[in-house]
Every structure is written in structure tokens, then in C-alpha cells.
Amino acid sequence: MASPHATAQPVLELTGIGKEFGAIRALHDVDMKVYPGEVVGLMGDNGAGKSTLVKIIAGNFPPSHGEMRFDGNAVHFYRPVDARAVGIEVVYQDLALADNLTAAANVFLGRELKRKIGPFAFLDHRAMAARALELFGELRSETRPHDLVKQMSGGQRQAIAIARTRLSNAKLVMMDEPTAAISVRQVEQVLSLIHRLKEQGVAVMLISHRMPDVFAVCDRVVVMRRGEKRADKPIADTSAEEVTALITGAKEAA
Amino acid sequence: MALPMESPISFTNVGRSRWWQRGVFASQTAYVTLALAVLLIVMHFASPFFFTEGNMQNVAKNFSFIAIATLGVTFVIITGGIDLSVGSMMCFSAMITSMVMTGLSTPGMPGASLFVHLAADGKTVVANVPGLILVVSVLAGLGVALIVGLVNGFCIAMLGLSPFVTTLGMLSIVRGLGYVVSNGRGSFPGGPDADYFYALTSGDVLGVPMPFIYLVILALLMAVVLHHTTFGRHVFALGGNEKAAELTGISVVRVKIEVYVICALAAGLQGIIICGWLGSAPANMATSYELTVIAAAVIGGANLAGGIGGPLGAIVGCVLLEVIRNGLVLAQVSSYWQQTLVGVIIILAVLVDRIRSRML
């Protein structure tokens with residue numbers, strides 16, 4: 001797959017991104033581009049800098065060095081809300097769900113639909129439940145909007161977290177280990193959802209330890225090791241063996 | 001690879017809980033309400049005086065004296081916090097209200113000339129605008145509560161101090177301030193507006209005590225706020241998973257400050273009402289009420305771990321405590337037993353809930 005995007009504008013462009021926590025250099029001089037409709041796998045061992053990179057893009061903390069451009073514009077995120085505002089949605093590994101609330105309430109957490117009655121705004125329970133049911137349908141998840149998250153399976157929880165990213169017209173969806181804690185059938189569902197996002201021109205960044213998942217859906221794989229980017233190549237030009245070697249350091253760079 | 005992705009969605013795989021396993025029915029509040037109903041029936045047969053109009057008025061009034069503060073602390077408990085400064089807050093607000101009322105009604109005190117003048121006989125104090133002193137003094141009492149709530153919220157939400165330690169400190173600070181401003185003597189509401197004050201705090205409308213009316217209005221308001229507004233949704237989200245609330249863009253700091261302000265205001269209002277009933281605000285008023293208030297909330301089903309609670313539970317908890325107190329008096333049991341029994345009930349209520357959630 002030779003770069004089909006040579007002329008297109010990348011949705012996300014990182015230049016020389018670095019991050020230090022005190023004396024620890026978590027990330028060093030990372031350059032990266034992600035194009036619309038592209039699925040990029042981000043791989044690396046624990047402590048390789050994946051999470052730090054994801055957190056910078058998601059706006060959890062700003063980078064110490066480097067520049068981030070989104071849709072061609074330089075961006076600076078200080079809070080996750082800032083990243084969401086430009087069109088970056090994140091599915092966190094722990095899914096960020098409130099157990100004591102219903103599925104619909106969780107999908108709309110932080111962006112509840114409201115109905116005005118006089119000067120007061122009240123939650124529009126019906127509209128939220130209807131939209132949530134629609135989204136669960138798209139994800140082919142058997143999840144009832146009014147059920148409490150407390151009683152749900154791993155797959156249902158995953159569906160809720162992913163349904164959140166579909167509320168707005170996100171341009172980049174980052175998924176942190178979306179297939180780590182769910183059943184085989186649910187993995188298929190998540191992967192097919194990634195395909196669906198891709199078809200709609202949404203860029204997806206998949207952070208995963210599972211080699212088969214990355215090779216099943218990704219167009220490109222980026223390998224991190226010791227805070228640096230060691231490889232960035234089309235999936236067609238590499239193999240599971242090579243990626244494993246890059247992750248473990250058996251092969252320095254590609 | 002190809003799974004039947006396009007098959008219609010059925011919910012065959014997902015069990016549906018029955019109506020009695022969901023919502024209010026599956027909560028500790030429901031069980032405690034049931035226990036309360038049983039207790040009322042038992043009381044009816046145990047004492048012929050229990051269901052008399054006078055006694056019912058007594059019960060309604062007495063539990064209203066802690067229930068408004070319980071509503072406030074329930075907000076805090078739902079977010080997973082705690083407020084121990086409730087009792088001191090009641091006292092301090094009551095004290096400020098009565099001191100301001102007396103001060104503004106004393107000709108010669110700074111600013112008093114704006115509010116009162118002496119009648120022709122040179123002795124009787126007459127208000128310039130009837131009711132104005134009352135409004136100003138109640139606002140003063142609530143104003144100090146607002147400040148205390150803001151300080152609590154600031155320390156907890158912005159500085160990240162633990163709610164327990166912050167409000168334990170505030171308990172002592174506010175109580176101390178109460179002794180300082182009154183020189184340890186307490187204060188009395190007085191002046192031309194005192195009659196209005198007593199009518200609004202310890203009077204009744206068609207036999208219904210005023211505090212009970214306030215309680216019902218505030219409880220309904222709280223139910224709407226908790227379940228039908230964004231703020232209420234965020235209060236629950238904070239108690240369920242604070243990290244998730246933060247990540248989904250909820251302003252955690254703001255919601256936290258707001259709940260501590262609500263709690264302090266509720267306590268302040270409660271103190272002002274008690275002051276009207278007592279006819280004074282002694283410096284040791286409402287000592288250790290914070291424990292009664294928190295106990296009532298917990299008995300009613302608020303979970304100290306956060307995420308669960310509501311106005312119905314708060315009220316049911318208060319009623320239960322009051323009915324037991326009242327029942328022990330009617331049964332001529334030594335009132336010293338009351339505290340012991342309250343402790344047993346707290347543990348029982350939580351235990352029953354634990355057993356129930358294990359069984360489901």
C-alpha cells in the first residue's frame with residue numbers, strides 16, 4: 001500500500017513531540033501523521049511510551065516539546081475537553097464509565113441532551129435513550145439504554161464507551177486496548193466497528209497488544225520502544241515477526 | 001471471520017430484571033421504608049397516644065428539624081464526600097441571624113437607624129419597613145453558611161484535601177467562631193420582627209408545622225434537581241466514578257464546590273429554623289448533630305462510598321430516628337437507650353442491604 005495520501009492533508013500531524021516527567025524521558029522526538037480514513041496501529045511494550053503519546057493527543061497533559069497540528073491547525077490541549085472540542089474522541093482502557101448510572105446516561109455523560117421548560121433546562125431522558133439505542137444498534141450490541149452499567153458484561157461496557165465517540169462527528173478516534181477484556185465474538189464486533197469508522201472517513205488509532213487485531217484492521221503500524229518511534233510502515237510491508245522483533249528490541253529500527 | 005453481523009438485534013442473551021429488582025424497589029431506601037411502616041403499625045398497637053394529632057404534629061416537627069440538613073448532606077454523600085461541619089454550621093447561622101436581628105433592632109447600633117426608629121413614647125422600637133430586618137438577618141445567616149460552604153468546597157475540590165479532615169477542621173473552626181462572636185453566651189432573636197420570625201420558623205399552617213412545609217418543598221426540589229438536571233446527573237457520576245466524570249468533561253471542581261455550598265446552606269437554614277423553635281441560639285446548640293444527620297442519611301440508603309442516595313431516603317431515615325425516639329418516650333423507656341438503638345439500626349440497615357445485594 002504505497003502512500004495514497006501523498007497529496008491529502010493529514011488529520012493529525014505530530015512534529016518532534018517529547019515529554020519529560022522530572023528526570024524521566026517518557027517520549028523523545030516523535031513525528032507522526034495520521035490521514036483521514038486511515039487505521040493506524042500503535043504498538044509497543046509496557047513503558048514504551050504509547051500511553052504517554054495517547055495522553056498527549058487526548059489532552060490529558062501537554063507535551064514538553066514539539067508541535068501538534070490537527071486538520072492543519074496548530075493545537076494546544078490542556079484538558080481532555082479541549083481535544084474533544086476539535087474532534088478527537090478517546091475510548092479509554094478502563095472505559096471511564098460510572099457504574100451507578102444507566103447505559104444511556106453514560107453515553108451522554110458530560111454532554112447531556114436538554115429540554116428547556118421556561119428558564120430551566122431539564123434532562124431529555126427520552127431523546128437520550130432513543131439515540132443511545134440507535135448507537136447500540138449500529139454497534140450491534142444487545143444493550144438496553146435504561147439498564148445500569150453495574151450489571152453489564154465487558155462487551156456491553158465496551159459498546160457504551162465506543163457509542164460515546166459516535167455522538168459527535170469525530171475526525172480521529174483513539175482506542176486504548178479496546179479488545180483486551182472482551183470475548184472473541186465481541187472482538188469481532190469491535191473490529192467491524194473500526195471498519196465502519198474507516199468507511200466514514202474517520203481516522204482511527206488502535207493501541208493494542210494483540211498482533212492479530214492490528215493485522216486484521218490496520219493500514220499502518222507504528223512501533224514504539226523506549227520512548228522513541230522505531231518503525232512506521234504499511235501493514236502490507238511488514239509481518240508479525242518483524243513487529244515483534246521491533247517491539248522487543250531484537251531489531252532496532254525499520 | 002464472517003460472523004452474522006447483520007442479524008437483527010435480539011435481547012435474548014440479556015436478562016431483564018423484574019420490576020421489583022430495579023430502581024427504587026431494589027434500594028435500601030425501599031427496605032427501610034418498609035421497616036418504618038411496620039414500626040408505625042407496631043407503635044399504633046403499643047401506644048394509644050402514638051397516632052393522636054398532637055403526637056403526629058410533634059413527630060413531624062421534630063424530624064423536620066434535622067431533615068433539611070440531611071437533604072443537604074445527602075448531596076455531599078452522593079458525590080462520595082462527607083460533611084462533618086453540619087452541626088456547627090447550624091449553630092453559627094442561627095447565631096448570626098439572631099445577632100443581626102437584635103443588632104438592627106437596637107437604636108444606636110451602627111446601621112440600625114436605617115431599619116428602626118423609636119416611637120413617640122421614646123421606648124417602643126418600630127421597624128421602618130416591617131419584615132425587612134427579618135429578611136436581612138436571615139440572609140446574613142445564610143451568607144455565612146455560603147462562605148463556609150465555599151471554603152469547604154475550595155479546600156476539597158481545588159486543594160485536594162480529604163473531605164473528612166477538611167470538614168472536621170471546619171466543625172471546630174465554626175463552633176469556635178460561634179463562641180467568639182457571642183462570647184460563649186449565645187444570642188436571642190429580638191426586635192420588632194421577632195414575631196414574624198417565630199411565625200415562620202415554629203408556627204404552623206392549618207395544623208401543619210412550618211418546618212415540615214419547607215422540608216417537603218425542598219425535598220421535591222431536590223428530587224427534580226438530582227434526577228432531571230445536568231447538575232444532578234453529574235453529582236451521581238462523581239460518586240460513581242470521579243475519574244470518568246473528569247475524562248468526559250464534567251467540571252468536577254465546580255460540582256464539588258456546589259455540593260458543599262448546598263450542604264452548608266441547608267445546615268444554615270436548618271439552624272435558623274431550630275433557633276426559632278428554641279427562641280434562642282445557644283453557643284452549644286446542635287452539638288454533634290452532624291452525626292445524627294449523617295446517620296439518618298445512611299439509614300435512608302445513602303451510600304458513604306458515593307453514587308447512591310436521594311431525598312426520600314434522607315427523609316425516611318430522619319422519620320425512623322424520630323419515631324424510635326418518640327416511641328421510646330411513649331413506652332417510658334429511658335431515653336438513654338435511644339442512642340444505642342440508633343447505632344444498632346445504622347448497622348442493621350447497612351447489613352440488610354449487603355445481604356440483599358449478595359442474594360441478587
# chains A, B, ... in the order shown; residues from 1 in each chain; ligands from 1
>>> residues_around(residues="A:Thr179", least_positions_apart="5", cutoff="12 Å", atoms="only C-alpha atoms", output="short mmCIF file (atom, residue, chain, number, x, y, z; two decimals) with C-alpha atoms, in the first residue's frame")
data_model
loop_
_atom_site.label_atom_id
_atom_site.label_comp_id
_atom_site.auth_asym_id
_atom_site.auth_seq_id
_atom_site.Cartn_x
_atom_site.Cartn_y
_atom_site.Cartn_z
CA VAL A 91 -12.01 5.15 24.27
CA TYR A 92 -10.06 4.70 27.49
CA GLN A 93 -8.78 1.34 28.56
CA ASP A 94 -10.79 1.41 31.79
CA LEU A 95 -13.66 2.78 29.66
CA GLY A 154 -17.37 -6.43 29.32
CA GLY A 155 -18.65 -6.24 25.75
CA ARG A 157 -19.39 -1.75 28.59
CA GLN A 158 -17.11 -1.53 25.58
CA ALA A 159 -20.10 -0.75 23.37
CA ILE A 162 -17.48 3.31 21.81
CA VAL A 184 -13.94 -13.44 20.89
CA ARG A 185 -17.28 -12.56 19.38
CA GLN A 186 -17.13 -9.09 20.87
CA VAL A 187 -13.64 -8.60 19.46
CA GLU A 188 -15.11 -9.20 16.02
CA GLN A 189 -17.73 -6.58 16.75
CA VAL A 190 -15.17 -4.02 17.79
CA LEU A 191 -13.04 -4.70 14.73
CA SER A 192 -16.05 -4.42 12.44
CA LEU A 193 -16.87 -1.13 14.11
CA ILE A 194 -13.37 0.11 13.34
CA LEU A 206 -5.66 1.48 17.69
CA ILE A 207 -3.43 0.91 20.70
CA SER A 208 -3.20 -2.82 21.19
CA HIS A 209 -1.06 -5.67 22.38
CA ARG A 210 -2.92 -8.14 20.20
CA MET A 211 -1.00 -8.73 16.99
CA PRO A 212 -3.93 -10.42 15.16
CA ASP A 213 -6.22 -7.45 15.76
CA VAL A 214 -3.67 -4.97 14.49
#
>>> interface_residues(of="chain A", to="chain B", cutoff="9 Å", atoms="only C-alpha atoms", output="ChimeraX atom specification")
/A:60,79-81,84,94-101,105-106,108-114,120-125,137,140-144,147,185,188-189,192
>>> residues_around(residues="stretch 209-219 of chain B", least_positions_apart="5", cutoff="6 Å", atoms="only C-alpha atoms", output="MDAnalysis selection string")
chainID B and resid 61 64 68 203:204 311
>>> write_last_selection(atoms="C-alpha atoms", output="PDB file, in the first residue's frame")
ATOM      1  CA  LYS B  61     -41.908  18.938  63.626  1.00  0.00           C
ATOM      2  CA  SER B  64     -38.143  18.299  60.129  1.00  0.00           C
ATOM      3  CA  ILE B  68     -33.423  19.715  55.865  1.00  0.00           C
ATOM      4  CA  GLY B 203     -45.629  28.373  63.515  1.00  0.00           C
ATOM      5  CA  ASP B 204     -47.989  26.211  61.517  1.00  0.00           C
ATOM      6  CA  PRO B 311     -34.341  12.876  49.241  1.00  0.00           C
TER       7      PRO B 311
END
>>> select_by_dssp(residues="stretch 159-269 of chain B", states="alpha helix (DSSP H)", output="PyMOL selection string")
chain B and resi 163-182+194-202+210-228+230-240+242-247+252-269
>>> select_by_dssp(residues="stretch 4-221 of chain A", states="strand (DSSP E or B)", output="PyMOL selection string")
chain A and resi 12-21+24-34+39-44+65-70+73-74+88-91+102+114-117+120-123+148+172-176+203-207+220-221
>>> residues_around(residues="A:Leu197", least_positions_apart="2", cutoff="10 Å", atoms="only C-alpha atoms", output="list in words")
Gly37, Glu38, Val39, Arg166, Ala170, Lys171, Leu172, Val173, Leu191, Ser192, Leu193, Ile194, His195, Glu199, Gln200, Gly201, Val202, Ala203 and Val204 of chain A
>>> closest_residue(among="B:Pro163, B:Ser182, B:Gly176, B:Val252", to="B:Gly81", atoms="only C-alpha atoms")
B:Pro163
>>> residues_around(residues="stretch 7-15 of chain A", least_positions_apart="3", cutoff="6 Å", atoms="only C-alpha atoms", output="MDAnalysis selection string")
chainID A and resid 31:36 66:71
>>> write_last_selection(atoms="N, CA and C atoms", output="mmCIF file, in the first residue's frame")
data_model
loop_
_atom_site.group_PDB
_atom_site.id
_atom_site.type_symbol
_atom_site.label_atom_id
_atom_site.label_comp_id
_atom_site.auth_asym_id
_atom_site.auth_seq_id
_atom_site.Cartn_x
_atom_site.Cartn_y
_atom_site.Cartn_z
ATOM 1 N N ASP A 31 7.702 11.935 15.488
ATOM 2 C CA ASP A 31 6.998 12.514 14.334
ATOM 3 C C ASP A 31 5.970 11.501 13.875
ATOM 4 N N MET A 32 4.808 11.977 13.490
ATOM 5 C CA MET A 32 3.784 11.027 13.078
ATOM 6 C C MET A 32 2.683 11.757 12.333
ATOM 7 N N LYS A 33 2.119 11.083 11.329
ATOM 8 C CA LYS A 33 0.987 11.649 10.611
ATOM 9 C C LYS A 33 -0.118 10.614 10.539
ATOM 10 N N VAL A 34 -1.340 11.067 10.676
ATOM 11 C CA VAL A 34 -2.483 10.168 10.520
ATOM 12 C C VAL A 34 -3.438 10.832 9.537
ATOM 13 N N TYR A 35 -3.856 10.053 8.515
ATOM 14 C CA TYR A 35 -4.713 10.603 7.463
ATOM 15 C C TYR A 35 -6.168 10.195 7.672
ATOM 16 N N PRO A 36 -7.088 10.964 7.099
ATOM 17 C CA PRO A 36 -8.499 10.605 7.235
ATOM 18 C C PRO A 36 -8.769 9.204 6.688
ATOM 19 N N GLY A 66 7.812 20.036 21.015
ATOM 20 C CA GLY A 66 7.196 19.619 19.762
ATOM 21 C C GLY A 66 5.897 20.316 19.454
ATOM 22 N N GLU A 67 5.384 20.020 18.281
ATOM 23 C CA GLU A 67 4.182 20.693 17.817
ATOM 24 C C GLU A 67 3.137 19.676 17.380
ATOM 25 N N MET A 68 1.905 20.017 17.651
ATOM 26 C CA MET A 68 0.804 19.149 17.272
ATOM 27 C C MET A 68 -0.117 19.941 16.352
ATOM 28 N N ARG A 69 -0.422 19.365 15.203
ATOM 29 C CA ARG A 69 -1.360 20.038 14.298
ATOM 30 C C ARG A 69 -2.544 19.128 14.067
ATOM 31 N N PHE A 70 -3.724 19.710 14.088
ATOM 32 C CA PHE A 70 -4.936 18.927 13.829
ATOM 33 C C PHE A 70 -5.676 19.610 12.700
ATOM 34 N N ASP A 71 -5.923 18.868 11.627
ATOM 35 C CA ASP A 71 -6.592 19.441 10.454
ATOM 36 C C ASP A 71 -5.821 20.638 9.912
#
>>> residues_around(residues="A:Pro63", least_positions_apart="6", cutoff="8 Å", atoms="only C-alpha atoms", output="MDAnalysis selection string")
chainID A and resid 17:19 56
>>> residues_around(residues="B:Gln28", least_positions_apart="2", cutoff="12 Å", atoms="only C-alpha atoms", output="PyMOL selection string")
chain B and resi 21-26+30-35+297-303+308-310+312-314+316-317+346+348-357
>>> decode(residues="stretch 123-141 of chain B", atoms="N, CA and C atoms", output="short mmCIF file (atom, residue, chain, number, x, y, z; two decimals), in the first residue's frame")
data_model
loop_
_atom_site.label_atom_id
_atom_site.label_comp_id
_atom_site.auth_asym_id
_atom_site.auth_seq_id
_atom_site.Cartn_x
_atom_site.Cartn_y
_atom_site.Cartn_z
N LYS B 123 -39.67 54.74 73.83
CA LYS B 123 -39.23 53.42 74.29
C LYS B 123 -39.48 52.35 73.25
N THR B 124 -40.66 52.33 72.66
CA THR B 124 -41.02 51.28 71.72
C THR B 124 -40.21 51.41 70.43
N VAL B 125 -39.62 50.29 70.01
CA VAL B 125 -38.86 50.29 68.76
C VAL B 125 -39.80 49.91 67.63
N VAL B 126 -39.82 50.72 66.59
CA VAL B 126 -40.70 50.45 65.45
C VAL B 126 -39.85 50.24 64.20
N ALA B 127 -40.18 49.21 63.43
CA ALA B 127 -39.43 48.96 62.20
C ALA B 127 -39.84 49.96 61.14
N ASN B 128 -38.87 50.44 60.36
CA ASN B 128 -39.19 51.33 59.25
C ASN B 128 -39.99 50.59 58.20
N VAL B 129 -39.49 49.42 57.82
CA VAL B 129 -40.21 48.57 56.87
C VAL B 129 -40.42 47.22 57.54
N PRO B 130 -41.64 46.89 57.90
CA PRO B 130 -41.85 45.61 58.60
C PRO B 130 -41.34 44.44 57.75
N GLY B 131 -40.59 43.55 58.37
CA GLY B 131 -40.11 42.37 57.66
C GLY B 131 -38.74 42.52 57.05
N LEU B 132 -38.31 43.77 56.87
CA LEU B 132 -37.00 43.98 56.23
C LEU B 132 -35.87 43.43 57.09
N ILE B 133 -35.96 43.68 58.40
CA ILE B 133 -34.92 43.20 59.32
C ILE B 133 -34.85 41.68 59.27
N LEU B 134 -36.02 41.07 59.22
CA LEU B 134 -36.08 39.60 59.16
C LEU B 134 -35.33 39.10 57.92
N VAL B 135 -35.65 39.70 56.76
CA VAL B 135 -35.01 39.27 55.52
C VAL B 135 -33.51 39.45 55.59
N VAL B 136 -33.07 40.63 56.06
CA VAL B 136 -31.64 40.91 56.12
C VAL B 136 -30.94 39.94 57.07
N SER B 137 -31.55 39.67 58.21
CA SER B 137 -30.86 38.81 59.19
C SER B 137 -30.81 37.36 58.72
N VAL B 138 -31.88 36.90 58.07
CA VAL B 138 -31.85 35.53 57.57
C VAL B 138 -30.80 35.42 56.45
N LEU B 139 -30.75 36.45 55.58
CA LEU B 139 -29.74 36.44 54.52
C LEU B 139 -28.33 36.46 55.11
N ALA B 140 -28.16 37.16 56.22
CA ALA B 140 -26.84 37.18 56.87
C ALA B 140 -26.47 35.78 57.36
N GLY B 141 -27.45 35.10 57.97
CA GLY B 141 -27.20 33.74 58.46
C GLY B 141 -26.85 32.80 57.32
#
